[in-house]
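Have a look at structure-v8.pdb; it's PDB, C-alpha atoms and all ligand atoms:
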ATOM      1  CA  MET L   1      16.903   5.731 -13.997  1.00  0.00           C
ATOM      2  CA  ASP L   2      14.679   2.849 -12.792  1.00  0.00           C
ATOM      3  CA  VAL L   3      10.941   3.488 -12.720  1.00  0.00           C
ATOM      4  CA  THR L   4       8.320   0.890 -11.761  1.00  0.00           C
ATOM      5  CA  ALA L   5       5.292  -0.076 -13.847  1.00  0.00           C
ATOM      6  CA  ASP L   6       3.181   2.298 -11.728  1.00  0.00           C
ATOM      7  CA  GLY L   7       5.618   5.173 -12.201  1.00  0.00           C
ATOM      8  CA  CYS L   8       7.601   5.148  -8.938  1.00  0.00           C
ATOM      9  CA  SER L   9      11.244   6.145  -9.110  1.00  0.00           C
ATOM     10  CA  VAL L  10      13.530   3.707  -7.307  1.00  0.00           C
ATOM     11  CA  GLU L  11      15.939   6.575  -6.580  1.00  0.00           C
ATOM     12  CA  VAL L  12      13.216   8.598  -4.869  1.00  0.00           C
ATOM     13  CA  TYR L  13      12.088   5.674  -2.707  1.00  0.00           C
ATOM     14  CA  LEU L  14      15.688   5.066  -1.649  1.00  0.00           C
ATOM     15  CA  LEU L  15      15.835   8.684  -0.451  1.00  0.00           C
ATOM     16  CA  LEU L  16      12.470   8.769   1.329  1.00  0.00           C
ATOM     17  CA  PRO L  17      12.564   7.843   5.026  1.00  0.00           C
ATOM     18  CA  PRO L  18       9.651   6.088   6.724  1.00  0.00           C
ATOM     19  CA  ALA L  19       6.996   8.562   7.878  1.00  0.00           C
ATOM     20  CA  GLY L  20       5.376   6.733  10.780  1.00  0.00           C
ATOM     21  CA  GLU L  21       4.024   3.780   8.783  1.00  0.00           C
ATOM     22  CA  PRO L  22       6.043   1.077  10.610  1.00  0.00           C
ATOM     23  CA  GLU L  23       4.807   2.296  13.996  1.00  0.00           C
ATOM     24  CA  ILE L  24       1.173   2.329  12.820  1.00  0.00           C
ATOM     25  CA  VAL L  25       1.488  -1.244  11.590  1.00  0.00           C
ATOM     26  CA  HIS L  26       3.399  -2.429  14.652  1.00  0.00           C
ATOM     27  CA  ALA L  27       0.747  -0.999  16.998  1.00  0.00           C
ATOM     28  CA  ALA L  28      -2.020  -2.815  15.086  1.00  0.00           C
ATOM     29  CA  VAL L  29      -0.639  -6.349  15.323  1.00  0.00           C
ATOM     30  CA  PRO L  30       0.591  -8.709  18.046  1.00  0.00           C
ATOM     31  CA  ALA L  31       4.275  -8.749  18.982  1.00  0.00           C
ATOM     32  CA  GLY L  32       6.252 -10.792  16.482  1.00  0.00           C
ATOM     33  CA  ALA L  33       3.316 -11.014  14.043  1.00  0.00           C
ATOM     34  CA  SER L  34       4.044 -12.343  10.579  1.00  0.00           C
ATOM     35  CA  ILE L  35       3.358  -9.678   7.951  1.00  0.00           C
ATOM     36  CA  LEU L  36       2.832  -9.910   4.208  1.00  0.00           C
ATOM     37  CA  GLU L  37       3.682  -6.524   2.716  1.00  0.00           C
ATOM     38  CA  LEU L  38       2.146  -5.883  -0.704  1.00  0.00           C
ATOM     39  CA  GLY L  39       3.950  -3.312  -2.867  1.00  0.00           C
ATOM     40  CA  CYS L  40       7.009  -3.008  -0.629  1.00  0.00           C
ATOM     41  CA  GLY L  41       9.157  -0.838  -2.912  1.00  0.00           C
ATOM     42  CA  THR L  42      12.731  -0.539  -1.670  1.00  0.00           C
ATOM     43  CA  GLY L  43      11.817  -1.715   1.846  1.00  0.00           C
ATOM     44  CA  ARG L  44      11.284   1.761   3.326  1.00  0.00           C
ATOM     45  CA  VAL L  45       8.599   0.275   5.630  1.00  0.00           C
ATOM     46  CA  THR L  46       9.805  -3.343   5.512  1.00  0.00           C
ATOM     47  CA  HIS L  47      13.144  -2.750   7.196  1.00  0.00           C
ATOM     48  CA  PRO L  48      11.809  -0.971  10.312  1.00  0.00           C
ATOM     49  CA  LEU L  49       9.124  -3.674  10.640  1.00  0.00           C
ATOM     50  CA  VAL L  50      11.845  -6.348  10.631  1.00  0.00           C
ATOM     51  CA  GLU L  51      13.730  -4.332  13.257  1.00  0.00           C
ATOM     52  CA  LEU L  52      10.520  -4.223  15.327  1.00  0.00           C
ATOM     53  CA  GLY L  53      10.560  -8.033  15.412  1.00  0.00           C
ATOM     54  CA  HIS L  54       8.237  -9.002  12.561  1.00  0.00           C
ATOM     55  CA  ALA L  55       8.784 -11.760  10.057  1.00  0.00           C
ATOM     56  CA  VAL L  56       7.992  -9.846   6.866  1.00  0.00           C
ATOM     57  CA  VAL L  57       7.479 -11.285   3.402  1.00  0.00           C
ATOM     58  CA  ALA L  58       7.797  -8.382   0.984  1.00  0.00           C
ATOM     59  CA  VAL L  59       6.165  -8.438  -2.449  1.00  0.00           C
ATOM     60  CA  ASP L  60       6.682  -6.180  -5.451  1.00  0.00           C
ATOM     61  CA  ASP L  61       6.596  -6.585  -9.205  1.00  0.00           C
ATOM     62  CA  SER L  62       9.671  -4.397  -9.667  1.00  0.00           C
ATOM     63  CA  PRO L  63      12.995  -6.280  -9.553  1.00  0.00           C
ATOM     64  CA  GLU L  64      14.777  -2.923  -9.278  1.00  0.00           C
ATOM     65  CA  MET L  65      12.839  -2.074  -6.112  1.00  0.00           C
ATOM     66  CA  LEU L  66      13.157  -5.573  -4.626  1.00  0.00           C
ATOM     67  CA  ALA L  67      16.939  -5.551  -5.125  1.00  0.00           C
ATOM     68  CA  HIS L  68      17.124  -3.169  -2.143  1.00  0.00           C
ATOM     69  CA  VAL L  69      14.907  -5.230   0.197  1.00  0.00           C
ATOM     70  CA  ARG L  70      16.626  -7.034   3.065  1.00  0.00           C
ATOM     71  CA  ALA L  71      13.859  -9.481   4.030  1.00  0.00           C
ATOM     72  CA  ALA L  72      12.105 -12.487   2.550  1.00  0.00           C
ATOM     73  CA  LYS L  73      10.889 -11.218  -0.812  1.00  0.00           C
ATOM     74  CA  VAL L  74       8.758 -12.304  -3.730  1.00  0.00           C
ATOM     75  CA  LEU L  75       8.786 -10.835  -7.229  1.00  0.00           C
ATOM     76  CA  SER L  76       5.143 -10.924  -8.313  1.00  0.00           C
ATOM     77  CA  ARG L  77       2.166  -8.906  -9.374  1.00  0.00           C
ATOM     78  CA  ILE L  78       0.074  -8.660  -6.215  1.00  0.00           C
ATOM     79  CA  GLY L  79      -3.011  -9.963  -7.976  1.00  0.00           C
ATOM     80  CA  ASP L  80      -1.165 -13.103  -9.066  1.00  0.00           C
ATOM     81  CA  LEU L  81       0.224 -13.880  -5.626  1.00  0.00           C
ATOM     82  CA  ASP L  82      -0.689 -17.200  -4.034  1.00  0.00           C
ATOM     83  CA  LEU L  83       1.918 -18.247  -1.490  1.00  0.00           C
ATOM     84  CA  GLY L  84      -0.130 -21.137  -0.090  1.00  0.00           C
ATOM     85  CA  ARG L  85       0.154 -19.787   3.453  1.00  0.00           C
ATOM     86  CA  THR L  86      -1.437 -17.129   5.598  1.00  0.00           C
ATOM     87  CA  PHE L  87      -0.133 -14.272   7.737  1.00  0.00           C
ATOM     88  CA  ASP L  88      -1.105 -12.556  10.988  1.00  0.00           C
ATOM     89  CA  ALA L  89      -1.324  -9.333   9.009  1.00  0.00           C
ATOM     90  CA  VAL L  90      -1.355  -8.223   5.405  1.00  0.00           C
ATOM     91  CA  LEU L  91      -0.173  -4.689   4.689  1.00  0.00           C
ATOM     92  CA  LEU L  92      -1.590  -2.837   1.692  1.00  0.00           C
ATOM     93  CA  GLY L  93      -0.076   0.631   2.005  1.00  0.00           C
ATOM     94  CA  SER L  94       0.760   3.560  -0.238  1.00  0.00           C
ATOM     95  CA  HIS L  95      -2.865   4.160  -1.344  1.00  0.00           C
ATOM     96  CA  LEU L  96      -2.647   1.254  -3.790  1.00  0.00           C
ATOM     97  CA  VAL L  97      -6.273   0.438  -2.984  1.00  0.00           C
ATOM     98  CA  ASN L  98      -7.362   3.762  -4.518  1.00  0.00           C
ATOM     99  CA  THR L  99      -6.322   2.519  -7.960  1.00  0.00           C
ATOM    100  CA  ALA L 100      -8.601   3.935 -10.651  1.00  0.00           C
ATOM    101  CA  LEU L 101      -9.450   0.522 -12.088  1.00  0.00           C
ATOM    102  CA  ASP L 102     -12.012  -1.534 -10.200  1.00  0.00           C
ATOM    103  CA  ALA L 103     -10.595  -4.811 -11.579  1.00  0.00           C
ATOM    104  CA  ASP L 104      -7.137  -3.943 -10.225  1.00  0.00           C
ATOM    105  CA  ARG L 105      -8.584  -3.102  -6.808  1.00  0.00           C
ATOM    106  CA  HIS L 106     -10.525  -6.362  -6.693  1.00  0.00           C
ATOM    107  CA  ALA L 107      -7.339  -8.271  -7.536  1.00  0.00           C
ATOM    108  CA  LEU L 108      -5.389  -6.465  -4.791  1.00  0.00           C
ATOM    109  CA  LEU L 109      -8.039  -7.101  -2.150  1.00  0.00           C
ATOM    110  CA  ALA L 110      -8.578 -10.723  -3.167  1.00  0.00           C
ATOM    111  CA  ALA L 111      -4.835 -11.384  -2.900  1.00  0.00           C
ATOM    112  CA  ALA L 112      -4.740  -9.725   0.503  1.00  0.00           C
ATOM    113  CA  ARG L 113      -7.719 -11.698   1.717  1.00  0.00           C
ATOM    114  CA  ARG L 114      -6.469 -15.113   0.623  1.00  0.00           C
ATOM    115  CA  HIS L 115      -3.295 -14.592   2.666  1.00  0.00           C
ATOM    116  CA  LEU L 116      -5.066 -13.600   5.899  1.00  0.00           C
ATOM    117  CA  ALA L 117      -4.977 -16.020   8.846  1.00  0.00           C
ATOM    118  CA  PRO L 118      -8.364 -16.675  10.564  1.00  0.00           C
ATOM    119  CA  SER L 119      -7.937 -13.766  12.970  1.00  0.00           C
ATOM    120  CA  GLY L 120      -5.511 -11.921  10.714  1.00  0.00           C
ATOM    121  CA  ARG L 121      -5.816  -8.200  10.047  1.00  0.00           C
ATOM    122  CA  LEU L 122      -5.600  -6.461   6.714  1.00  0.00           C
ATOM    123  CA  LEU L 123      -4.016  -3.047   7.274  1.00  0.00           C
ATOM    124  CA  VAL L 124      -4.823  -0.528   4.570  1.00  0.00           C
ATOM    125  CA  GLU L 125      -3.489   2.960   3.919  1.00  0.00           C
ATOM    126  CA  TRP L 126      -5.924   4.806   1.650  1.00  0.00           C
ATOM    127  CA  HIS L 127      -7.075   8.220   0.574  1.00  0.00           C
ATOM    128  CA  PRO L 128     -10.339   8.652   2.509  1.00  0.00           C
ATOM    129  CA  PRO L 129     -13.227  10.455   0.742  1.00  0.00           C
ATOM    130  CA  GLU L 130     -12.515  13.742   2.546  1.00  0.00           C
ATOM    131  CA  TRP L 131      -8.977  13.818   1.079  1.00  0.00           C
ATOM    132  CA  PHE L 132     -10.491  14.116  -2.393  1.00  0.00           C
ATOM    133  CA  ASP L 133     -12.313  17.287  -1.331  1.00  0.00           C
ATOM    134  CA  ALA L 134      -9.372  18.896   0.451  1.00  0.00           C
ATOM    135  CA  VAL L 135      -6.363  18.105  -1.721  1.00  0.00           C
ATOM    136  CA  ALA L 136      -4.961  20.920  -3.884  1.00  0.00           C
ATOM    137  CA  SER L 137      -2.000  21.733  -6.074  1.00  0.00           C
ATOM    138  CA  GLY L 138       0.885  23.231  -4.117  1.00  0.00           C
ATOM    139  CA  GLN L 139       0.368  21.084  -1.024  1.00  0.00           C
ATOM    140  CA  GLY L 140       3.354  19.131   0.167  1.00  0.00           C
ATOM    141  CA  GLY L 141       6.219  19.129   2.588  1.00  0.00           C
ATOM    142  CA  ARG L 142       9.597  17.696   3.303  1.00  0.00           C
ATOM    143  CA  LEU L 143      10.374  14.016   3.948  1.00  0.00           C
ATOM    144  CA  GLY L 144      13.997  13.551   4.948  1.00  0.00           C
ATOM    145  CA  ALA L 145      16.085  15.101   2.191  1.00  0.00           C
ATOM    146  CA  VAL L 146      13.175  15.172  -0.256  1.00  0.00           C
ATOM    147  CA  GLU L 147      10.837  18.084  -0.990  1.00  0.00           C
ATOM    148  CA  VAL L 148       7.452  16.756  -2.084  1.00  0.00           C
ATOM    149  CA  GLU L 149       4.817  18.861  -3.846  1.00  0.00           C
ATOM    150  CA  LEU L 150       1.512  18.021  -5.463  1.00  0.00           C
ATOM    151  CA  ALA L 151       0.749  19.630  -8.835  1.00  0.00           C
ATOM    152  CA  ASP L 152      -1.823  19.627 -11.621  1.00  0.00           C
ATOM    153  CA  VAL L 153      -4.740  18.370  -9.512  1.00  0.00           C
ATOM    154  CA  VAL L 154      -7.727  17.623 -11.753  1.00  0.00           C
ATOM    155  CA  ARG L 155     -11.055  16.157 -10.586  1.00  0.00           C
ATOM    156  CA  GLU L 156     -13.405  14.237 -12.841  1.00  0.00           C
ATOM    157  CA  GLY L 157     -16.259  12.554 -11.034  1.00  0.00           C
ATOM    158  CA  ASP L 158     -14.796  10.019  -8.601  1.00  0.00           C
ATOM    159  CA  LEU L 159     -11.377  10.247 -10.225  1.00  0.00           C
ATOM    160  CA  LEU L 160      -8.588  12.615  -9.238  1.00  0.00           C
ATOM    161  CA  SER L 161      -5.429  12.986 -11.299  1.00  0.00           C
ATOM    162  CA  ALA L 162      -2.290  14.806 -10.214  1.00  0.00           C
ATOM    163  CA  ALA L 163       1.480  14.754 -10.306  1.00  0.00           C
ATOM    164  CA  VAL L 164       3.839  14.450  -7.354  1.00  0.00           C
ATOM    165  CA  ARG L 165       7.009  16.465  -7.809  1.00  0.00           C
ATOM    166  CA  TYR L 166      10.037  15.355  -5.805  1.00  0.00           C
ATOM    167  CA  SER L 167      13.295  17.291  -5.478  1.00  0.00           C
ATOM    168  CA  ALA L 168      16.485  16.531  -3.579  1.00  0.00           C
ATOM    169  CA  GLY L 169      20.109  17.529  -3.977  1.00  0.00           C
ATOM    170  CA  GLY L 170      19.367  19.612  -7.066  1.00  0.00           C
ATOM    171  CA  ARG L 171      17.599  16.724  -8.816  1.00  0.00           C
ATOM    172  CA  GLN L 172      13.930  16.461  -9.686  1.00  0.00           C
ATOM    173  CA  TRP L 173      11.465  13.680 -10.357  1.00  0.00           C
ATOM    174  CA  SER L 174       7.770  13.645 -11.202  1.00  0.00           C
ATOM    175  CA  GLN L 175       5.158  10.915 -10.920  1.00  0.00           C
ATOM    176  CA  GLU L 176       1.671  11.230 -12.364  1.00  0.00           C
ATOM    177  CA  PHE L 177      -1.189   9.256 -10.893  1.00  0.00           C
ATOM    178  CA  THR L 178      -4.947   8.855 -11.021  1.00  0.00           C
ATOM    179  CA  CYS L 179      -6.856   7.608  -8.013  1.00  0.00           C
ATOM    180  CA  ARG L 180     -10.485   6.841  -7.241  1.00  0.00           C
ATOM    181  CA  ARG L 181     -12.698   8.042  -4.388  1.00  0.00           C
ATOM    182  CA  LEU L 182     -14.075   4.967  -2.655  1.00  0.00           C
ATOM    183  CA  GLY L 183     -16.838   4.239  -0.197  1.00  0.00           C
ATOM    184  CA  LEU L 184     -15.523   2.099   2.629  1.00  0.00           C
ATOM    185  CA  GLY L 185     -18.608  -0.113   2.884  1.00  0.00           C
ATOM    186  CA  THR L 186     -18.590  -0.918  -0.823  1.00  0.00           C
ATOM    187  CA  LEU L 187     -14.859  -1.496  -0.828  1.00  0.00           C
ATOM    188  CA  LEU L 188     -15.030  -3.983   2.063  1.00  0.00           C
ATOM    189  CA  ALA L 189     -18.114  -5.793   0.796  1.00  0.00           C
ATOM    190  CA  SER L 190     -16.539  -6.256  -2.629  1.00  0.00           C
ATOM    191  CA  ALA L 191     -13.828  -8.405  -1.041  1.00  0.00           C
ATOM    192  CA  ASP L 192     -15.924 -10.095   1.674  1.00  0.00           C
ATOM    193  CA  LEU L 193     -14.132  -8.117   4.384  1.00  0.00           C
ATOM    194  CA  ILE L 194     -15.430  -6.469   7.536  1.00  0.00           C
ATOM    195  CA  PHE L 195     -14.244  -3.234   9.120  1.00  0.00           C
ATOM    196  CA  ASP L 196     -11.940  -3.728  12.109  1.00  0.00           C
ATOM    197  CA  GLY L 197     -11.239  -0.172  13.208  1.00  0.00           C
ATOM    198  CA  TRP L 198      -9.373   2.995  12.289  1.00  0.00           C
ATOM    199  CA  LEU L 199      -5.641   2.902  12.940  1.00  0.00           C
ATOM    200  CA  THR L 200      -5.116   6.668  12.796  1.00  0.00           C
ATOM    201  CA  ASP L 201      -7.219   9.647  13.854  1.00  0.00           C
ATOM    202  CA  ASP L 202      -7.119  11.102  10.338  1.00  0.00           C
ATOM    203  CA  ARG L 203      -8.721   7.906   8.975  1.00  0.00           C
ATOM    204  CA  THR L 204      -5.964   7.356   6.428  1.00  0.00           C
ATOM    205  CA  TRP L 205      -5.368   3.856   7.826  1.00  0.00           C
ATOM    206  CA  PHE L 206      -7.938   1.198   8.683  1.00  0.00           C
ATOM    207  CA  ALA L 207      -7.990  -2.492   9.538  1.00  0.00           C
ATOM    208  CA  ALA L 208     -10.271  -5.186   8.136  1.00  0.00           C
ATOM    209  CA  GLN L 209     -10.787  -8.886   8.668  1.00  0.00           C
ATOM    210  CA  ALA L 210     -12.153 -11.649   6.486  1.00  0.00           C
ATOM    211  CA  ARG L 211     -15.918 -11.874   6.952  1.00  0.00           C
ATOM    212  CA  ARG L 212     -15.915 -15.625   6.484  1.00  0.00           C
ATOM    213  CA  TRP L 213     -12.582 -17.301   6.781  1.00  0.00           C
ATOM    214  CA  GLY L 214     -11.962 -20.429   4.755  1.00  0.00           C
ATOM    215  CA  TRP L 215     -13.685 -19.095   1.625  1.00  0.00           C
ATOM    216  CA  ARG L 216     -11.565 -17.849  -1.194  1.00  0.00           C
ATOM    217  CA  ASN L 217     -12.338 -14.745  -3.182  1.00  0.00           C
ATOM    218  CA  ASP L 218     -13.789 -16.992  -5.866  1.00  0.00           C
ATOM    219  CA  HIS L 219     -16.042 -18.617  -3.248  1.00  0.00           C
ATOM    220  CA  ARG L 220     -14.463 -22.045  -3.452  1.00  0.00           C
ATOM    221  CA  PRO L 221     -13.456 -23.575  -0.102  1.00  0.00           C
ATOM    222  CA  ALA L 222      -9.763 -22.967   0.652  1.00  0.00           C
TER     223      ALA L 222
HETATM  224  C1  LIG O 301       4.294   4.095  -4.179  1.00  0.00           C
HETATM  225  S1  LIG O 301       5.445   2.769  -4.118  1.00  0.00           S
HETATM  226  C2  LIG O 301       5.465   2.478  -2.367  1.00  0.00           C
HETATM  227  C3  LIG O 301       6.485   1.496  -1.893  1.00  0.00           C
HETATM  228  C4  LIG O 301       6.391   1.196  -0.390  1.00  0.00           C
HETATM  229  N1  LIG O 301       5.079   0.686  -0.014  1.00  0.00           N
HETATM  230  C5  LIG O 301       6.693   2.423   0.416  1.00  0.00           C
HETATM  231  O1  LIG O 301       5.760   2.951   1.052  1.00  0.00           O
HETATM  232  O2  LIG O 301       7.839   2.862   0.437  1.00  0.00           O
HETATM  233  C6  LIG O 301       4.406   1.438  -4.721  1.00  0.00           C
HETATM  234  C7  LIG O 301       5.153   0.126  -4.935  1.00  0.00           C
HETATM  235  O3  LIG O 301       4.172  -0.881  -5.189  1.00  0.00           O
HETATM  236  C8  LIG O 301       4.547  -1.632  -6.309  1.00  0.00           C
HETATM  237  N2  LIG O 301       3.308  -2.080  -6.952  1.00  0.00           N
HETATM  238  C9  LIG O 301       2.271  -1.320  -7.339  1.00  0.00           C
HETATM  239  N3  LIG O 301       1.284  -2.068  -7.852  1.00  0.00           N
HETATM  240  C10 LIG O 301       1.724  -3.358  -7.790  1.00  0.00           C
HETATM  241  C11 LIG O 301       1.164  -4.610  -8.174  1.00  0.00           C
HETATM  242  N4  LIG O 301      -0.051  -4.679  -8.696  1.00  0.00           N
HETATM  243  N5  LIG O 301       1.891  -5.721  -7.956  1.00  0.00           N
HETATM  244  C12 LIG O 301       3.146  -5.649  -7.404  1.00  0.00           C
HETATM  245  N6  LIG O 301       3.709  -4.490  -7.019  1.00  0.00           N
HETATM  246  C13 LIG O 301       3.020  -3.358  -7.213  1.00  0.00           C
HETATM  247  C14 LIG O 301       5.395  -0.713  -7.168  1.00  0.00           C
HETATM  248  O4  LIG O 301       6.282  -1.427  -7.999  1.00  0.00           O
HETATM  249  C15 LIG O 301       6.093   0.126  -6.109  1.00  0.00           C
HETATM  250  O5  LIG O 301       7.324  -0.436  -5.740  1.00  0.00           O
END
Show this structure as structure tokens.
Ligand SMILES: C[S@@+](CC[C@H](N)C(=O)[O-])C[C@H]1O[C@@H](n2cnc3c(N)ncnc32)[C@H](O)[C@@H]1O
Amino acid sequence: MDVTADGCSVEVYLLLPPAGEPEIVHAAVPAGASILELGCGTGRVTHPLVELGHAVVAVDDSPEMLAHVRAAKVLSRIGDLDLGRTFDAVLLGSHLVNTALDADRHALLAAARRHLAPSGRLLVEWHPPEWFDAVASGQGGRLGAVEVELADVVREGDLLSAAVRYSAGGRQWSQEFTCRRLGLGTLLASADLIFDGWLTDDRTWFAAQARRWGWRNDHRPA
């Protein structure tokens, strides 16, 4: 059973259908926009975006996930990525930005920023601060054939740890995670980004742009 470095089951992601993410992204970018998707998994979001007319470059550090992606793809840690080109949009979904480790988050955001075109938009799916107050064990629902339930929620300061239990067709999977409550202003400033609007009413998606284009995350001219 293939599991990624961050604990995602390839089997589960092959079973999960998109849940509105492609439409949110599509509505936030121009028709035919080029999109760099960071942490693409099996292409659950990639494939509908391609069908919606976008030229997607999909990145993941799991060869087992990437094997299922039918689009231009790059096997890489996100933080190490430097494709030498920019995109109309960079997609950082799946709450990756809420990683517990500040150094990992800085690496994710710096990689996103260095691939943004001058007027490009970074599209982020995150856990907003209010999610950390409201989330509880037992919450969940059904996505396609998969029952999803949160368990073992534990709060410790700005950190929240839990497990996601998946079940489908009599089989079960579990993925533990720890995520960090973030302030949006601090998050954006840390990567020299500016807020560019909410993409959903529940504030689980937002857009950002580079504050100064042409300057890399290490402050050397591009
Ligand atoms: C929760 S899954 C989501 C996959 C996809 N975004 C989706 O919504 O179906 C997260 C994916 O991001 C990848 N990933 C996480 N951190 C990464 C990193 N630092 N570099 C490259 N890939 C990463 C994992 O391998 C996994 O495939």
Ligand LIG 301 (chain O) proximity check over L:Leu49, L:Leu75, L:Ala117, L:Ile35, using all atoms listed in the file: winner is L:Leu75
Go through the shown structure with the PyMOL selection byres (((chain L and resi 208) around 7) and not hetatm) and write out the matching residues as number ranges by chain. L: 121-123, 193-196, 206-207, 209-210
Report the residues retrieved by the PyMOL selection byres (((chain L and resi 84) around 10) and not hetatm) from the displayed file, expressed as an mmCIF file with C-alpha atoms, in the frame of the given file.
data_model
loop_
_atom_site.group_PDB
_atom_site.id
_atom_site.type_symbol
_atom_site.label_atom_id
_atom_site.label_comp_id
_atom_site.auth_asym_id
_atom_site.auth_seq_id
_atom_site.Cartn_x
_atom_site.Cartn_y
_atom_site.Cartn_z
ATOM 1 C CA LEU L 81 0.224 -13.880 -5.626
ATOM 2 C CA ASP L 82 -0.689 -17.200 -4.034
ATOM 3 C CA LEU L 83 1.918 -18.247 -1.490
ATOM 4 C CA ARG L 85 0.154 -19.787 3.453
ATOM 5 C CA THR L 86 -1.437 -17.129 5.598
ATOM 6 C CA ARG L 114 -6.469 -15.113 0.623
ATOM 7 C CA HIS L 115 -3.295 -14.592 2.666
ATOM 8 C CA ALA L 222 -9.763 -22.967 0.652
#
Close residues to ligand LIG 301 (chain O) using all atoms listed in the file, limit 7 Å, as a ChimeraX atom specification: /L:4-6,8,13,38-45,59-62,65,76-79,93-94,96,108
Which residues, named as in the file, does the PyMOL selection byres (((chain L and resi 171) around 12) and not hetatm) pick out? Answer as an MDAnalysis selection string. chainID L and resid 11:12 15 145:147 165:170 172:174
Sel. within 10 Å of pt (-1.4, -4.4, 7.7), counting only C-alpha atoms, output as a short mmCIF file (atom, residue, chain, number, x, y, z; two decimals) with C-alpha atoms, keeping the file's coordinate frame:
data_model
loop_
_atom_site.label_atom_id
_atom_site.label_comp_id
_atom_site.auth_asym_id
_atom_site.auth_seq_id
_atom_site.Cartn_x
_atom_site.Cartn_y
_atom_site.Cartn_z
CA GLU L 21 4.02 3.78 8.78
CA PRO L 22 6.04 1.08 10.61
CA ILE L 24 1.17 2.33 12.82
CA VAL L 25 1.49 -1.24 11.59
CA HIS L 26 3.40 -2.43 14.65
CA ALA L 28 -2.02 -2.82 15.09
CA VAL L 29 -0.64 -6.35 15.32
CA ILE L 35 3.36 -9.68 7.95
CA LEU L 36 2.83 -9.91 4.21
CA GLU L 37 3.68 -6.52 2.72
CA LEU L 38 2.15 -5.88 -0.70
CA PHE L 87 -0.13 -14.27 7.74
CA ASP L 88 -1.10 -12.56 10.99
CA ALA L 89 -1.32 -9.33 9.01
CA VAL L 90 -1.36 -8.22 5.40
CA LEU L 91 -0.17 -4.69 4.69
CA LEU L 92 -1.59 -2.84 1.69
CA GLY L 93 -0.08 0.63 2.00
CA ALA L 112 -4.74 -9.72 0.50
CA GLY L 120 -5.51 -11.92 10.71
CA ARG L 121 -5.82 -8.20 10.05
CA LEU L 122 -5.60 -6.46 6.71
CA LEU L 123 -4.02 -3.05 7.27
CA VAL L 124 -4.82 -0.53 4.57
CA GLU L 125 -3.49 2.96 3.92
CA LEU L 199 -5.64 2.90 12.94
CA TRP L 205 -5.37 3.86 7.83
CA PHE L 206 -7.94 1.20 8.68
CA ALA L 207 -7.99 -2.49 9.54
CA ALA L 208 -10.27 -5.19 8.14
#
Using all atoms listed in the file, find the one residue out of L:Thr178, L:Ala134, L:Pro30, L:Ala191 that sits nearest to Ala111 of chain L.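 Checking each candidate against Ala111 of chain L, we get L:Ala191 as the closest.
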Just how far from atom CA of Ser34 of chain L is atom CA of Ser119 of chain L, in Å to one decimal?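 Going from atom CA of Ser119 of chain L over to atom CA of Ser34 of chain L, I get 12.3 Å.
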To one decimal place in Å, what is the distance between atom CA of Arg180 of chain L and atom CA of Ala136 of chain L? 15.5 Å
For His47 of chain L, work out the shell of residues within 9 Å, counting all atoms listed in the file and skipping chain neighbours fewer than 3 positions away, then give it as an MDAnalysis selection string. chainID L and resid 22 43:44 50:52 56 69:71
Give me, as a PyMOL selection string, all polymer residues having an atom no more than 9 Å from Val164 of chain L, counting only C-alpha atoms and skipping those fewer than 6 positions away in the same chain. chain L and resi 140+148-152+173-177
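Interatomic distance, atom CA of Ser190 of chain L against atom CA of Thr99 of chain L: 14.5 Å.
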Write only C-alpha atoms for segment 150-180 of chain L from the block just shown, as a PDB file, in the first residue's frame.
ATOM      1  CA  LEU L 150     -11.975  13.181  11.983  1.00  0.00           C
ATOM      2  CA  ALA L 151     -10.752  11.565  15.213  1.00  0.00           C
ATOM      3  CA  ASP L 152      -8.446  12.176  18.161  1.00  0.00           C
ATOM      4  CA  VAL L 153      -8.452  15.982  17.929  1.00  0.00           C
ATOM      5  CA  VAL L 154      -5.903  17.427  20.360  1.00  0.00           C
ATOM      6  CA  ARG L 155      -5.056  21.133  20.732  1.00  0.00           C
ATOM      7  CA  GLU L 156      -1.757  22.404  22.073  1.00  0.00           C
ATOM      8  CA  GLY L 157      -1.263  26.128  21.698  1.00  0.00           C
ATOM      9  CA  ASP L 158      -1.308  26.965  17.985  1.00  0.00           C
ATOM     10  CA  LEU L 159      -0.969  23.312  17.030  1.00  0.00           C
ATOM     11  CA  LEU L 160      -3.817  20.896  16.389  1.00  0.00           C
ATOM     12  CA  SER L 161      -3.244  17.180  15.903  1.00  0.00           C
ATOM     13  CA  ALA L 162      -5.823  14.696  14.668  1.00  0.00           C
ATOM     14  CA  ALA L 163      -6.365  11.642  12.524  1.00  0.00           C
ATOM     15  CA  VAL L 164      -8.524  11.377   9.419  1.00  0.00           C
ATOM     16  CA  ARG L 165     -10.217   8.008   9.103  1.00  0.00           C
ATOM     17  CA  TYR L 166     -11.271   6.950   5.612  1.00  0.00           C
ATOM     18  CA  SER L 167     -13.447   3.942   4.782  1.00  0.00           C
ATOM     19  CA  ALA L 168     -14.711   2.597   1.473  1.00  0.00           C
ATOM     20  CA  GLY L 169     -15.784  -0.808   0.232  1.00  0.00           C
ATOM     21  CA  GLY L 170     -15.098  -2.433   3.596  1.00  0.00           C
ATOM     22  CA  ARG L 171     -11.536  -1.082   3.731  1.00  0.00           C
ATOM     23  CA  GLN L 172     -10.139   1.484   6.129  1.00  0.00           C
ATOM     24  CA  TRP L 173      -7.257   3.926   6.158  1.00  0.00           C
ATOM     25  CA  SER L 174      -6.036   6.457   8.701  1.00  0.00           C
ATOM     26  CA  GLN L 175      -3.806   9.499   8.341  1.00  0.00           C
ATOM     27  CA  GLU L 176      -2.472  11.449  11.301  1.00  0.00           C
ATOM     28  CA  PHE L 177      -1.541  15.087  10.926  1.00  0.00           C
ATOM     29  CA  THR L 178      -0.525  18.150  12.896  1.00  0.00           C
ATOM     30  CA  CYS L 179      -1.312  21.613  11.617  1.00  0.00           C
ATOM     31  CA  ARG L 180      -0.655  25.150  12.808  1.00  0.00           C
TER      32      ARG L 180
END
